[in-house]
Protein chains: 2
Amino acid sequence: MIKRGSHPHPNPLPQAGEGAKDSPQSSAGGGAKDSPLPHRGRGQGEGVSLAQALFAPRAVALVGASGDAAKNTARPQRFLKKHGYAGRVLPINSTRREVLGERAWTSLAEAPGEIDHVFVMAPGEAVERALEDCGKRGVPVMSIFTDGFADAGEAGMARQARLVARARELGVRILGPNSMGVVDVPGRLALTVNAVLEMDALPAGAASIVSQSGTMLGTLLSRGAARELGFAKLVSLGNEADIGAGELVELLAEDADTRVILLFLETVRDAERLAGAARRAHAAGKPVVAYKLGRSQLGIALARSHTGALAGADAALDAYFRDCGIVRVDMLETLLEIAPLVAGRKPPDLERAARVAVVTTTGGGAASVVDRLGMFGIETVAPDSKSPIVDLTMAATAEQYTAVLDDLFASAQCDGVLAVVGSSAQFHPQLAVEPIVRSKKSAKPLAVFLTPHAERSLALLAGRGIPAFRTPEACADALASYFAWRSPRTRTAAAPAEWPRDLPRQGRLDEAQALKLLASLGIPVAEHAIAQPPGYAHAVPYPVATKALCAEILHKTEAGAVCLGIADRTEFDRKVRAMLERVATARGVLVQKMESGLAEAIVGYRDDPVVGPIVLVGAGGTLAEIYKDYALRLGEEEAEEMIARVKGLATLRGYRGLPRGDARALAHAVAALSRLALIAGRPVAEAEANPVIVKDKGAVAVDALVVMKEKHDNARHSRESGNPESA
Amino acid sequence: MIKRGSHPHPNPLPQAGEGAKDSPQSSAGGGAKDSPLPHRGRGQGEGVSLAQALFAPRAVALVGASGDAAKNTARPQRFLKKHGYAGRVLPINSTRREVLGERAWTSLAEAPGEIDHVFVMAPGEAVERALEDCGKRGVPVMSIFTDGFADAGEAGMARQARLVARARELGVRILGPNSMGVVDVPGRLALTVNAVLEMDALPAGAASIVSQSGTMLGTLLSRGAARELGFAKLVSLGNEADIGAGELVELLAEDADTRVILLFLETVRDAERLAGAARRAHAAGKPVVAYKLGRSQLGIALARSHTGALAGADAALDAYFRDCGIVRVDMLETLLEIAPLVAGRKPPDLERAARVAVVTTTGGGAASVVDRLGMFGIETVAPDSKSPIVDLTMAATAEQYTAVLDDLFASAQCDGVLAVVGSSAQFHPQLAVEPIVRSKKSAKPLAVFLTPHAERSLALLAGRGIPAFRTPEACADALASYFAWRSPRTRTAAAPAEWPRDLPRQGRLDEAQALKLLASLGIPVAEHAIAQPPGYAHAVPYPVATKALCAEILHKTEAGAVCLGIADRTEFDRKVRAMLERVATARGVLVQKMESGLAEAIVGYRDDPVVGPIVLVGAGGTLAEIYKDYALRLGEEEAEEMIARVKGLATLRGYRGLPRGDARALAHAVAALSRLALIAGRPVAEAEANPVIVKDKGAVAVDALVVMKEKHDNARHSRESGNPESA
C-alpha cells in the first residue's frame with residue numbers, strides 16, 4: 001500500500017542534517033568541482049542532501065506513470081509498492097486522476113506536499129516541463145528515464161545541453177537522461193523501470209553498483225539475488241548529463257551501507273573527478289572495482305604517432321584505474337563475485353609474483369583454475385608438500401579439511417588460498433563446504449570455486465561473506481585482479497618544467513627542435529648538427545646518419561628521408577643529394593653521430609584526452625606497435641618496473657647471457673619525458689623518442705617526434721557527449 | 001527395485017549382434033590398432049560388443065560395494081536403483097551376504113549368471129583378484145575406481161603395467177583404473193561413484209562426454225541438468241590404462257544416441273587413435289569439442305632449440321586439434337553450452353574474418369559480447385543499418401523481433417547471428433525469448449546470451465536446441481571456437497623424401513651438414529663453402545659471414561662463433577683467427593655470402609612426442625620466441641595462411657608502404673622442411689632455419705640447425721603413464 005501524507009524520512013543516512021560543508025553535494029554544482037552552490041528554488045528541498053534526495057527521498061513523483069500495469073512506465077509505481085517503500089508516491093499522468101488504483105495528478109505542479117525526487121518517464125517536451133516544475137517547487141533531484149538526448153545524435157546533444165544549463169539555473173540536479181533509475185535496498189526504494197525488480201525480495205548486502213548500462217545493473221542485481229549476493233545501492237547513470245560516476249562514487253564513499261563500490265563502465269566521462277572519488281573511497285576503506293567495455297577498440301582518434309596508436313583508450317584507462325587504486329576485472333561475473341574478496345581488504349601492493357595455496361577435493365577442478373592462474377603469472381605453492389596442490393580426496397574428514405585451511409592461513413609461504421570443491425558441493429555440503437565456513441577468518445584472501453551446479457552452497461558461502469565462484473575463469477580473474485590491485489599512487493609535487501625559449505609553442509616541431517626539447521628535459525640525445533645549403537658543412541664525426549628536416553614527415557624511414565651509416569664525406573655528399581631529391585620540402589639536413597648499444601627502446605608521452613598525461617616505454621622500432629609490447633603509466637615513479645614488463649627489452653636483463661643494459665638510464669629518460677606534463681599549459685599532445693639506444697652505460701635518444709596540441713584541443717577536458725550504447 | 005534373474009538387454013545399441021567386423025571393438029585389442037582380437041575367456045561374453053558391455057550391460061557386479069549408504073562405495077548400487085537401471089545388480093562384499101537390503105556375494109567367483117560389466121571399488125589386491133575372476137567368467141569389461149596405479153608413482157605404474165598385461169592375456173578390457181565410472185542416460189545406467197548422481201532425474205540429450213577427470217564429468221552433468229542441457233553417455237577415463245579417449249570417440253561416433261562428443265582433457269595419451277576417431281566422427285556428422293587443461297605450461301621436456309621452446313605441448317595440441325577437425329574451447333562452461341551450436345553442423349571452414357550480426361534489447365549486454373568477439377577478430381555487421389548492432393528497445397514487439405531474426409538468417413552479409421536479451425529474459429520471456437524460439441530454423445548458427453539470471457529461459461531455449469549462454473565470455477568463446485573450426489585436413493600421399501647419402505643418420509649435424517640437408521629438401525640456402533686450416537681458402541665472394549663449424553654449439557652468436565659482414569680477405573684473416581681462439585673445438589670455418597632482404601623468418605620442424613611431426617613459421621631472430629609470434633601446423637598445406645598469421649612478418653605484406661616480400665617462396669620453404677616427416681624412420685627430432693631471408697623475389701636460408709633423435713626416442717609413441725591430476 002502506498003501511504004499518503006507527510007512522513008518522516010524513511011531511511012535517513014548518517015550524514016543527514018548538518019555538516020553539509022564537507023559533504024559531496026556542497027562541492028557538486030553540476031559535475032564541476034569548483035562551481036558555486038546551486039540555487040535552490042523556493043527552498044523546499046533545503047537541508048536535504050543529494051544522497052538523501054537520490055536514495056532516501058521522503059516523497060517521489062512519477063511523471064508519465066502508466067495505468068497499464070504491463071507497460072514499463074508502470075513499473076516504478078508497482079516496484080515501489082512491491083518492495084515496501086515507506087515514503088509517499090505521486091503518480092503524474094496528464095490524462096488520468098487515478099493510476100493503478102492510486103490517486104494521480106495531471107501535472108507535477110498540482111501534486112501536493114514536499115517532493116524530494118522526481119522520476120520522469122514521459123516523452124518529449126514533458127521532460128522540460130517537469131524540470132520547470134521541479135525548479136519552481138525546489139525539488140532537489142530529477143531522474144530522467146526518457147531518451148532522445150545525447151543518446152540521439154547532434155540535435156539530442158544540443159537538447160541535453162540546454163536541459164542541463166536550465167537545471168543549473170534552477171538548482172535542480174539531474175540523473176540521466178536515459179537512466180533506468182535508482183534502487184536502495186535497505187531503504188526499500190525501487191525507483192526503476194528495470195524488469196528485474198519483479199523479483200520478490202531484494203537481497204541486502206554491502207556492495208553498491210554504479211552502472212552506465214541500466215540493463216546490466218539489473219543483470220547484476222538479478223544474478224546476485226539468485227545466490228544471496230546482496231546490494232546496498234544501485235544507480236543507472238544514463239547519459240551522465242549532470243550527475244556522473246565520479247560524484248556517485250563520492251556519495252557512496254560516505255554511505256554507511258556501502259563497503260564495496262562496483263562500476264559497470266562503457267566509457268569514462270569524468271576521469272579527474274572519478275579518480276579523486278576513488279582515492280576518497282580508498283581512504284574510507286572501500287574498494288572500487290570496475291568492469292569496462294571497449295577493450296577491443298583502439299579509440300576514435302586517429303593515431304598520429306606510435307605512442308598514439310599504442311596508447312589506445314583502453315590501455316590508457318588500464319593505467320588510469322591502476323593509478324587511482326581501482327581494481328579492474330576482465331569478466332562480467334567477476335564484478336559480482338569479487339565483492340566479498342575485496343570487502344574490508346586493502347590493496348596487497350605486491351612487488352613480486354603472487355603465491356596461492358590450493359586445497360581441493362578434485363584434481364581436475366583445481367587444475368581448471370590453476371591453469372588460468374598460471375596464464376596470469378600467479379604461482380601455486382603448497383607449504384610442506386611436494387605437490388603444488390593439496391588434494392584431499394573424498395575420504396578426508398571435515399575436520400581435516402578445516403585444519404588444512406587454517407594451516408594455510410597461518411603460513412607465511414602463500415599470499416592467498418584457493419579452495420576447490422567437487423561434486424559434494426551440490427548434495428553434501430557438510431563434506432567440504434561447511435568445513436570452509438568453519439575455518440578461521442583470515443586477513444589472507446580465500447577464494448572458493450565450486451565445480452557442480454551448487455546454488456545452495458554458493459548462497460551458504462555468500463551469507464558468510466566468503467568469496468565463492470561459479471566458474472574457474474572468473475575465480476582466476478578475481479584472484480589475478482586482486483593481486484594486481486595497487487594503492488592509489490601518491491602524487492609528489494614536482495618542480496615545473498620550462499619550455500625552451502627558442503622553440504615555438506604551436507604548430508609542428510621538426511626533429512632538431514624535438515631533440516632540443518628532449519635535451520632540455522634532461523634526456524641525453526645523440527650528438528648532432530644541422531647542415532645547411534649550399535655546402536652542407538658539419539663537424540659531427542663519421543660515421544653519421546642524416547635526416548631531412550621536415551616536420552610534415554612522421555615516418556621518415558619509409559619516406560626515404562633517412563640515411564644511416566654514412567662512412568665519410570664523399571658518401572655524405574652523394575647520399576644527401578639523393579635524399580634531398582626525394583624530400584623537396586626539407587629545410588636542412590640533420591647530421592647525427594651513429595650510435596649503437598645493447599637494445600632499442602621507445603619512450604613516449606601522451607596527453608590523453610580522457611585520462612591526461614601518460615608515459616610509455618616499449619621495445620624500440622616497430623616492435624612495440626606490432627606486438628603491443630609496452631608498459632604505460634600515468635606517472636613515471638614506476639619506470640623501472642615498467643621496463644621490467646616489456647618482453648622485447650629482455651636484452652637489458654641479460655637475455656641468453658648477453659651483457660646487461662643500463663635500465664636505470666632508460667628509466668631516467670622515461671621520468672624526464674614525463675616532465676612534459678609539468679610545463680605550464682601542457683602544450684605537447686604527444687612526444688616520443690624512438691629509438692632510445694640503451695648501452696651498457698647510459699641511454700641516448702636518436703629519433704624524436706613531438707606533436708603540439710592544436711588549439712581546439714584545449715577543450716579536451718570538457719564533458720563528453722553521451723554514448724549511444726548506454727542502455 | 002533391483003531385479004534379479006536373467007533379463008533381455010535393457011538398452012540394445014543399434015550395432016548389436018552382427019556386423020562386428022567393422023565395429024570399433026574388432027580392432028581394439030588393448031588400445032593398439034593392429035593387435036589381434038582379444039582372447040575371450042570361456043566365451044560367456046561372446047557376441048557382446050565393447051559398447052554394449054560398457055553402456056548397456058545385462059548385469060553389473062559391484063566389487064567392494066559398501067553397506068554404509070553414506071560411503072561413496074555404496075553409491076553405484078544406490079544410483080543404479082535410483083535411476084531405474086533394468087539389468088541385474090550384484091553387490092560383492094567380502095564380509096557380507098546382504099548390502100543395502102539386497103542379496104550380496106563375498107566374491108565375484110560365486111556371483112550367479114552372466115555378467116557383462118564389473119565395477120571394482122575394493123582396495124589393494126582385490127583388483128587383481130577381480131581381474132582373474134573376470135577372466136575365468138569371460139566378463140568382457142571391468143571398470144576400476146580403485147586408485148594406486150599410474151596415479152601413484154613408479155610402483156603404481158609398474159602395477160598398472162602388470163594389470164594391463166594380464167588383462168590382455170585374459171581378454172578383459174579395462175576402463176580406468178581411477179575411473180569414476182560410466183553413465184548412460186537413455187539406458188538409465190548410473191554406474192558411478194560421482195555424488196552428482198544424487199540428482200533426481202538425469203536429463204537426456206544428444207551430447208556425450210568423455211572426461212579424464214571424473215569430478216568434472218559430474219560437474220558438466222550437474223550444470224547441464226540445472227538448465228535442461230541433457231546427455232547421452234558420460235565416461236570417466238581415469239588412467240586410460242587400456243580403453244582410451246580415442247577408442248571411446250570411435251564408439252560414440254557409431255552411437256545412435258550421440259550427436260555431439262565433448263572431451264574434458266588434461267593430456268592426450270593416444271594422439272593417433274584419437275585423431276582417427278575424430279575423423280570418423282566428422283564423417284558421421286558428429287562434431288567433437290575439446291576443453292584441454294595445461295595451457296600455461298610449456299611441457300616437461302627442456303627445449304633444445306627455438307622450435308622446441310616454441311612448440312610447447314599446448315601449441316602443438318592446438319595444431320593437432322585443428323588438424324583432425326576437433327573444436328577447441330577456452331572456457332569450461334563453453335564445453336557445455338557449445339553443444340547445440342555445433343550439433344548437426346559442419347565446420348564453417350571460413351577463410352576470412354567471421355561476420356556476426358547482433359540483435360539485442362540491451363546495448364550494454366550486446367557490447368559485453370561484441371567487445372570480446374572483437375578481441376578474437378570477429379567482425380560485427382548489421383545488414384541495412386548504420387549501427388553495427390540492431391538495438392530493439394523494450395518497445396519492440398515480439399513480431400518485430402522474430403522478423404528481424406528471420407531477415408538476418410536470410411542475409412548473405414553475416415555468417416552467424418547473436419541475439420542478446422536483457423532483463424525481460426527473467427520474468428517476461430514472451431517479449432524476446434519466445435520470439436527467438438519462434439524464428440525460422442536456419443543453417444546459420446544462432447547464439448543467444450541472456451543477461452539476467454534466467455534459468456527458465458535458458459531451459460526453454462535448451463529444450464528447442466537453441467544455443468544459449470549464461471555469460472558474455474562463454475558466448476564469445478563459443479562463437480570464436482565455432483568459426484575457427486576446420487574440417488579435418490586431408491592427408492595427401494606424398495613421395496618419400498631421401499636422406500642425403502653422405503650425412504650421418506645419428507648424432508649431431510654441424511651447420512654445413514644441416515644446410516646440406518635443407519638443400520636436399522629443396523630449400524634454397526645461402527652460397528657457402530668450408531674453409532679449412534691452415535690457409536682457410538675459399539671462393540665465396542665478399543662480403544661474407546663466417547661461422548665456426550661445431551655441432552655442440554647451438555646458439556653460435558652468443559658463443560662468439562659468428563662474424564658478419566666481412567668485407568675482404570684481410571678482415572677475414574683477422575676475424576677468423578680471433579673466432580677460432582674463442583671456439584677451440586671447431587672442425588673448420590663455414591664461409592657464407594652475406595644475404596639481405598625484406599624480412600627474416602624462422603621455419604621449423606619438430607617430431608613432437610605427443611602429436612608427431614609439426615611445422616612452424618614465425619618472425620625471425622628471437623622475435624618468435626620472445627613474442628610467441630609463430631604459426632604451427634601438422635601439415636604444410638596451409639603455409640601461406642600460416643605466414644599471414646605471423647604479426648612480425650607484416651613487412652612481407654607491405655607494412656607501412658614497404659615493398660612486399662615473396663611470401664610464396666617462404667611458404668615453399670615451409671613445405672620443403674615438412675618433408676622431413678617423409679624420410680624413412682623419421683630420424684630428425686628437430687630442424688630449423690633461422691633466419692630465412694625473404695626477398696622481393698625468393699627466400700634463402702642462412703642459418704640451419706638439425707637435431708637428430710636419440711635412440712631412446714624411438715619409444716616415443718608408446719603409451720604414456722597416468723597423470724596424477726586425473727581425479
# chains A, B, ... in the order shown; residues from 1 in each chain; ligands from 1

$ select_by_dssp --residues "range 42-86 of chain A" --states "alpha helix (DSSP H)" --output "list in words"
Leu50, Ala51, Gln52, Ala53, Leu54, Phe55, Arg75, Pro76, Gln77, Arg78, Phe79, Leu80, Lys81 and Lys82 of chain A

$ residues_around --residues "Gly148 in chain A" --least-positions-apart "4" --cutoff "10 Å" --atoms "only C-alpha atoms" --output "PDB file with N, CA, C and O atoms, in the first residue's frame"
ATOM      1  N   PRO A 123       7.452  11.177 -22.527  1.00  0.00           N
ATOM      2  CA  PRO A 123       8.277  11.504 -23.697  1.00  0.00           C
ATOM      3  C   PRO A 123       8.257  12.997 -24.011  1.00  0.00           C
ATOM      4  O   PRO A 123       7.445  13.754 -23.482  1.00  0.00           O
ATOM      5  N   GLY A 124       9.169  13.389 -24.884  1.00  0.00           N
ATOM      6  CA  GLY A 124       9.172  14.721 -25.483  1.00  0.00           C
ATOM      7  C   GLY A 124       9.319  15.845 -24.478  1.00  0.00           C
ATOM      8  O   GLY A 124      10.040  15.723 -23.475  1.00  0.00           O
ATOM      9  N   ALA A 152      20.864  10.500 -28.831  1.00  0.00           N
ATOM     10  CA  ALA A 152      20.130  10.592 -30.111  1.00  0.00           C
ATOM     11  C   ALA A 152      20.709  11.661 -31.017  1.00  0.00           C
ATOM     12  O   ALA A 152      20.017  12.584 -31.420  1.00  0.00           O
ATOM     13  N   GLY A 153      21.994  11.560 -31.315  1.00  0.00           N
ATOM     14  CA  GLY A 153      22.583  12.417 -32.334  1.00  0.00           C
ATOM     15  C   GLY A 153      22.782  13.857 -31.894  1.00  0.00           C
ATOM     16  O   GLY A 153      22.612  14.207 -30.724  1.00  0.00           O
ATOM     17  N   ALA A 155      21.182  16.736 -32.567  1.00  0.00           N
ATOM     18  CA  ALA A 155      20.049  17.511 -32.066  1.00  0.00           C
ATOM     19  C   ALA A 155      19.784  17.128 -30.603  1.00  0.00           C
ATOM     20  O   ALA A 155      19.514  17.986 -29.752  1.00  0.00           O
ATOM     21  N   GLY A 156      19.884  15.833 -30.316  1.00  0.00           N
ATOM     22  CA  GLY A 156      19.680  15.374 -28.939  1.00  0.00           C
ATOM     23  C   GLY A 156      20.734  15.933 -28.002  1.00  0.00           C
ATOM     24  O   GLY A 156      20.441  16.288 -26.850  1.00  0.00           O
ATOM     25  N   MET A 157      21.967  15.996 -28.488  1.00  0.00           N
ATOM     26  CA  MET A 157      23.044  16.549 -27.652  1.00  0.00           C
ATOM     27  C   MET A 157      22.766  18.005 -27.308  1.00  0.00           C
ATOM     28  O   MET A 157      22.948  18.437 -26.172  1.00  0.00           O
ATOM     29  N   ARG A 159      19.877  19.431 -27.228  1.00  0.00           N
ATOM     30  CA  ARG A 159      18.740  19.449 -26.299  1.00  0.00           C
ATOM     31  C   ARG A 159      19.220  19.165 -24.879  1.00  0.00           C
ATOM     32  O   ARG A 159      18.813  19.813 -23.916  1.00  0.00           O
ATOM     33  N   GLN A 160      20.132  18.188 -24.764  1.00  0.00           N
ATOM     34  CA  GLN A 160      20.650  17.840 -23.438  1.00  0.00           C
ATOM     35  C   GLN A 160      21.428  19.008 -22.824  1.00  0.00           C
ATOM     36  O   GLN A 160      21.309  19.302 -21.633  1.00  0.00           O
ATOM     37  N   PRO A 177      19.812  12.062 -18.717  1.00  0.00           N
ATOM     38  CA  PRO A 177      18.661  11.267 -19.158  1.00  0.00           C
ATOM     39  C   PRO A 177      19.078   9.845 -19.562  1.00  0.00           C
ATOM     40  O   PRO A 177      20.248   9.541 -19.572  1.00  0.00           O
ATOM     41  N   ASN A 178      18.037   9.045 -19.902  1.00  0.00           N
ATOM     42  CA  ASN A 178      18.298   7.685 -20.353  1.00  0.00           C
ATOM     43  C   ASN A 178      18.775   6.819 -19.190  1.00  0.00           C
ATOM     44  O   ASN A 178      19.509   5.859 -19.379  1.00  0.00           O
TER      45      ASN A 178
END

$ interface_residues --of "chain A" --to "chain B" --cutoff "6 Å" --atoms "only C-alpha atoms" --output "list in words"
Ala195, Val196, Ser213, Thr219, Ser222, Arg223, Gly294, Ser296, Thr362, Gly363, Gly364, Asp371, Gly374, Met375, Ser423, Ser424, Thr451, Pro452, His453, Glu725 and Ala727 of chain A

$ residues_around --residues "Val583 in chain B" --least-positions-apart "2" --cutoff "8 Å" --atoms "only C-alpha atoms" --output "ChimeraX atom specification"
/B:548,559-561,579-581,585-586

$ select_by_dssp --residues "range 344-581 of chain B" --states "strand (DSSP E or B)" --output "PyMOL selection string"
chain B and resi 355-360+379-381+390-391+416-421+446-450+468-469+497+508+525+528-531+544-548+562-566

$ closest_residue --among "B:Leu705, B:Ala478, B:Met594, B:Leu405" --to "Leu549 in chain B" --atoms "only C-alpha atoms"
B:Leu705

$ atom_distance --atom1 "CA of Ala512 in chain A" --atom2 "CA of Ala669 in chain A"
17.9 Å

$ closest_residue --among "B:Ala480, B:Val544, B:Ile553, B:Ala339" --to "Ala567 in chain B" --atoms "only C-alpha atoms"
B:Val544

$ atom_distance --atom1 "CA of Ala468 in chain B" --atom2 "CA of Ile338 in chain B"
8.4 Å

$ closest_residue --among "B:Ala432, B:Leu418, B:Ala545, B:Ala410" --to "Ile566 in chain B" --atoms "only C-alpha atoms"
B:Ala545
